[in-house]
Amino acid sequence: MSEKIRSYPISTIIKAVLTKLFSSFTDLLPIVLVIGFFQILVLQQPLPNIGEVVFGGILVVFGLTLFIQGLEMGLFPIGESMAHALARKGSLFWLLTFAFALGFSTTVAEPALIAVSAEAASIAAQGNLIGPGEDSLNRYALGLRLSVAFSVGVAILVGVLRILRGWPVHHLIIGGYVVVMLMTLIAPKEIVGIAYDAGGVTTSTVTVPLVAALGVGLASIIKGRSPLLDGFGLIAFASLLPMIFVMGYGIIVFG
Amino acid sequence: MTQFIIEFGTTLIATFRDILPILILITCFQLFVLRQPIPHLRRLIVGGVYVVLGLALFLIGLEKALFPVGKIMAAQLSDPFFLTGIAGAPAPTDWTAYGWIYLFAAMIGFSTTIAEPSLLAVAIKANEVSGGVISQWGLRITVAVGVSVGISLGAFRIVTGTPLYIFIMTGYAIVILQTFIAPKKIIALAYDSGGVTTSTVTVPLVAALGLGLSEAVPGRNPALDGFGLIAFASLFPIIAVMGYAQFTHWAASRRKP
């Protein structure tokens, strides 16, 4: 890498960096416009700590630029090369183990999930669904986290199996939706809102590029699969299955 | 300055801890299962360092700039004084009084989705895989329109107190129907775009809006009604992406008789 960089004139590098920074700035411009519009025209109140806000905005632009650069240099290639290496190895067992472990391990420590399950535990305690003690709260939150992480692991595993076998994606998704609808009818109402939201919080910023690269990498190496038609869909499973598992958990725990 | 360095260090460690499981998993597989050297290892490591650094900077920036402002604005817009113009008046129960909230929900949903790194990642991949047929901005704007409709409708639901499942069930029915008539090629990507919209930028702001609104509107329970906005934000992009694909398909088939 460094040898290559040295062969470019410095002005080219500066230009490339500025182009990337500008593109991140365009990504964030809509937020700036929305906040400006509401503050100036609707609320007509000054923003507190304007200096802090501007500084934060600059950090966001730099952070996003670095992240995108790292995405194309690191996350996409590693996802794809793992997919290719595992497919070449030809061992279904190890490929599925990797798929499950990827889903489970990235979800179980996800901060958004930890926050949501703690919140869910206090709601359940308010509704007298579980005992009020610290102990039962923690146990409930941990159970929720484990069932979401397990469901994401299963989701990636099923998604990878689908790419290998060439099952049509919509059969599985529609089947899943029907299950969600049926379970909504019998699940306790305290768990339904959390279950729906659990589907959304599981897919983090680092997991999504890896999983997308894994799916597309697999679909492009296996004969007869189209990367567009078969490579996508893993993230959809990872948002659908947690809803089913969390509602199932609610039905079992609340009985 | 020292305070900033401490903040940055803490966030950096937290970000690193988040990607640690992935790092361990990939290393174990490379060492014990695949037993092959990784091609372009140096480049990958540099890329990984960029990801961690970039994400940490991004999160600190959001924490400093966007989240406080978004939370203050959500609170100000659902303030009874702002809504009625009378000091000390109770918050109105009529859903038409919350016009600015719906607009704010729609616009904040749209703009945060455009800035969402996960969606950007999927858009880059979709563009690459489709050979440029699916444009990055086209996908991102379509998804963002879906999110803005979803969040706005979700805010309406919190104000009126309609049960969540009615909206979600209807949404699912539409998605299932669209699946049968939308162009096959877009279906998997459409489903995926539902999952990626709700991530680092959108979730904290939308959750703050939902909780603030359900505290302000009389008769709503934040514990029960505050949830569910995220579900709206993941359902409507699916409808939007399939709808847009159907429209372009239809427009293309009309052009050539």
# chains A, B, ... in the order shown; residues from 1 in each chain; ligands from 1
>>> interface_residues(of="chain A", to="chain B", cutoff="7 Å", atoms="only C-alpha atoms", output="compact mmCIF listing (two decimals) with C-alpha atoms, in the first residue's frame")
# COMPACT_ATOMS: atom_id res chain seq x y z
CA MET A 1 0.00 0.00 0.00
CA ASP A 27 -24.66 12.68 2.94
CA LEU A 28 -25.13 14.77 6.06
CA PRO A 30 -30.14 16.87 4.57
CA ILE A 31 -29.92 16.62 8.39
CA VAL A 34 -33.94 19.87 8.38
CA GLU A 52 -20.17 21.99 20.34
CA VAL A 53 -22.72 21.08 17.66
CA VAL A 54 -20.53 22.35 14.81
CA GLY A 56 -19.58 17.33 16.48
CA GLY A 57 -20.72 17.76 12.90
CA LEU A 59 -16.27 14.79 13.59
CA VAL A 60 -19.23 13.05 11.95
CA GLY A 63 -15.75 9.61 10.84
CA LEU A 64 -18.08 8.72 7.97
CA LEU A 66 -12.88 7.01 7.29
CA PHE A 67 -15.57 4.38 7.80
CA GLN A 69 -12.78 4.01 3.17
CA GLY A 70 -12.29 1.16 5.67
CA LEU A 71 -15.43 -0.55 4.39
CA MET A 73 -10.52 -1.71 2.01
CA GLY A 74 -11.29 -4.04 4.92
CA LEU A 75 -14.84 -5.22 5.58
CA LEU A 102 -21.18 -14.63 12.77
CA SER A 105 -21.45 -13.33 18.18
CA THR A 106 -22.09 -9.96 16.55
CA ALA A 109 -22.80 -7.90 22.46
CA GLU A 110 -24.70 -5.31 20.41
CA ILE A 123 -41.67 -2.72 31.24
CA VAL A 169 -36.24 -15.76 -1.00
CA ILE A 174 -43.66 -14.58 3.33
CA TYR A 177 -44.48 -12.90 7.93
CA MET A 181 -48.92 -12.36 12.13
CA GLU A 190 -46.34 -6.19 26.40
CA GLY A 193 -43.89 -3.78 20.43
CA ILE A 194 -40.48 -4.89 21.66
CA TYR A 196 -41.21 -5.74 16.34
CA ASP A 197 -38.44 -3.33 17.30
CA GLY A 200 -34.69 -3.52 13.59
CA VAL A 201 -31.94 -3.16 16.16
CA THR A 203 -28.27 -5.37 12.33
CA SER A 204 -25.33 -3.16 13.29
CA THR A 205 -23.13 -0.99 11.14
CA VAL A 208 -24.34 -5.35 7.66
CA PRO A 209 -21.34 -4.87 5.29
CA ALA A 212 -23.79 -8.42 2.59
CA PRO A 227 -25.56 -12.24 -6.91
CA LEU A 228 -28.45 -9.77 -7.08
CA LEU A 229 -31.25 -12.32 -6.81
CA PHE A 232 -29.13 -10.31 -0.86
CA GLY A 233 -31.73 -11.40 1.69
CA ILE A 235 -30.17 -9.07 6.41
CA ALA A 236 -33.90 -9.52 5.85
CA SER A 239 -34.53 -8.75 10.99
>>> closest_residue(among="A:Val17, A:Val108, A:Leu214, A:Phe254", to="Ala125 (chain A)", atoms="only C-alpha atoms")
A:Phe254
>>> select_by_dssp(residues="region 62-216 of chain B", states="alpha helix (DSSP H)", output="MDAnalysis selection string")
chainID B and resid 67:77 80:84 99:114 117:129 136:160 164:181 187:196 202:216
>>> atom_distance(atom1="CA of Leu95 (chain A)", atom2="CA of Ala83 (chain A)")
8.3 Å
>>> atom_distance(atom1="CA of Asn138 (chain A)", atom2="CA of Val253 (chain A)")
13.7 Å
>>> closest_residue(among="A:Ile10, A:Leu144, A:Ala149, A:Ile58", to="Phe22 (chain A)", atoms="only C-alpha atoms")
A:Ile58
>>> atom_distance(atom1="CA of Leu43 (chain A)", atom2="CA of Phe156 (chain B)")
20.3 Å
>>> closest_residue(among="B:Ser253, B:Ala74, B:Asn221, B:Thr96", to="Gln126 (chain A)", atoms="only C-alpha atoms")
B:Asn221
